[in-house]
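Presented below is the structure to which this report refers.
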Amino acid sequence: MISPYPTEWPSFYTATIFKWYPLLSDDKYKEIILDSLRFLFNNKRIELSAFVIMSNHIHLIWQIQPASTPTSVQLSFMKFTAQQIKFSLIKKDPELLEKFKVNLFDCKYQFWKREPLSIQLFTPKVFEQKINYIHYNPVTAGICKLPEDYYYSSAKCYHDGTSSFDMLTNYMG
């Protein structure tokens, strides 16, 4: 029996807030990220193995599902989150919105740096290295002592099997 060859390998994906501004320090913007990931998961566009949402960037390990392409998923994710952040800032913090004003032909505001990093993970060893990197990001930043103590991360799921996030696929089972 021949095992199916994946059309897309899991990817380590990093997106950074424009000018490294700590926009995601506010939990309401972290929730926008989570809502977008839930949408992509529920619509069978991704499997999400790991994530962390920091104050000015995010790291994910996701696997694009066969009916989608990496470009379409990334574009959808970046566009949706940017729009939702913009709508929130228009209503609640127009002064902060002005920090993201740009003079570009295709947008008036920019929330994400262009060209996020996406690296396909071909081996279990590299996959595990990236999960550890993701989970220890808040520890390295001095936010918490243990990875599982940081809420906006998949670390707790890998630590004890529990999670507040219904969209995670724990690769360890």
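Residue names in the structure tokens use chain letters A, B, ... in the order shown, residue numbers from 1 in each chain, and ligand numbers from 1 in the order shown.
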- Message: Need the shell around A:Ile53: protein/DNA/RNA residues with any atom at most 9 Å away, counting only C-alpha atoms. Skip same-chain ones fewer than 2 positions apart. Format as a ChimeraX atom specification?
- Response: /A:24,30,33-34,51,55-60,138,152-153
Tell me which protein, DNA and RNA residues are within 10 Å of A:Leu48, counting only C-alpha atoms, leaving out same-chain ones fewer than 4 positions away, and put them as a PDB file with C-alpha atoms, in the first residue's frame.
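result_23.pdb was written with the following content:
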ATOM      1  CA  PRO A  10       3.395  21.585   7.873  1.00  0.00           C
ATOM      2  CA  SER A  11       4.853  25.099   7.888  1.00  0.00           C
ATOM      3  CA  LEU A  37      -7.424  30.722  13.060  1.00  0.00           C
ATOM      4  CA  ARG A  38     -10.687  29.128  14.264  1.00  0.00           C
ATOM      5  CA  LEU A  40      -9.614  28.617   8.923  1.00  0.00           C
ATOM      6  CA  PHE A  41      -9.675  25.440  11.026  1.00  0.00           C
ATOM      7  CA  LEU A  60       2.315  29.193  14.012  1.00  0.00           C
ATOM      8  CA  ILE A  61       2.803  25.679  12.835  1.00  0.00           C
ATOM      9  CA  TRP A  62      -0.012  24.967  10.469  1.00  0.00           C
ATOM     10  CA  GLN A  63      -0.630  22.609   7.620  1.00  0.00           C
ATOM     11  CA  ILE A  64      -2.581  23.899   4.674  1.00  0.00           C
ATOM     12  CA  SER A 154      -0.562  25.981  22.528  1.00  0.00           C
ATOM     13  CA  MET A 167      -8.720  24.187  16.954  1.00  0.00           C
ATOM     14  CA  LEU A 168      -5.473  22.471  17.931  1.00  0.00           C
ATOM     15  CA  THR A 169      -4.172  19.231  16.470  1.00  0.00           C
ATOM     16  CA  ASN A 170      -1.625  17.911  18.943  1.00  0.00           C
ATOM     17  CA  TYR A 171       0.854  16.131  16.711  1.00  0.00           C
TER      18      TYR A 171
END
- Give the alpha helix (DSSP H) residues of stretch 1-168 of chain A, as DSSP finds them on the backbone, and put them as number ranges by chain. A: 27-42, 70-92, 94-98, 124-140, 155-160
- Take atom CA of A:Ile32 and atom CA of A:Val126 and report the distance between them in Å, one decimal.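 Between atom CA of A:Ile32 and atom CA of A:Val126 the gap works out to 28.6 Å.
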- Item | Which of A:Pro94, A:Val102, A:Ser88, A:Thr14 sits closest to A:Ala50 [using only C-alpha atoms] |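 Of A:Pro94, A:Val102, A:Ser88, A:Thr14, the one nearest A:Ala50, counting only C-alpha atoms, is A:Thr14.
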- Task: Compare A:Ile46, A:Cys107, A:Cys157, A:Leu97 by their minimum atom-to-atom distance to A:Ala67, counting only C-alpha atoms, and give me the closest one.
- Result: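 Comparing A:Ile46, A:Cys107, A:Cys157, A:Leu97 against A:Ala67, the winner is A:Ile46.
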- Point-to-point distance in Å for atom CA of A:Asp166 and atom CA of A:Val73: 19.2 Å
- Using atom CA of A:Ala15 and atom CA of A:Ala82 as the two end points, give the distance in Å to one decimal.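 Separation of atom CA of A:Ala15 and atom CA of A:Ala82: 11.8 Å.
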- Item | Which of chain A fall in strand (DSSP E), as a PyMOL selection string | chain A and resi 11-16+46-53+57-64+117-120
- Query: Out of A:Asp26, A:Trp20, A:Leu96, A:Met54, which residue has the shortest atom-to-atom distance to A:Cys144 when counting only C-alpha atoms?
  - Reply: A:Met54
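Residue nearest A:Ile134 within the list A:Ile90, A:Ile85, A:Ala155, A:Ile119: A:Ala155 [criterion: smallest interatomic distance, only C-alpha atoms].
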- Query: With only C-alpha atoms as the atoms that count, which of A:Phe111, A:Ser164, A:Lys101, A:Ser49 lies nearest to A:Tyr13?
  - Reply: A:Ser49
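If you measure from each of A:Ser68, A:Gln74, A:Ile131, A:Tyr136 to A:Lys44 using only C-alpha atoms, the closest one turns out to be A:Ser68.
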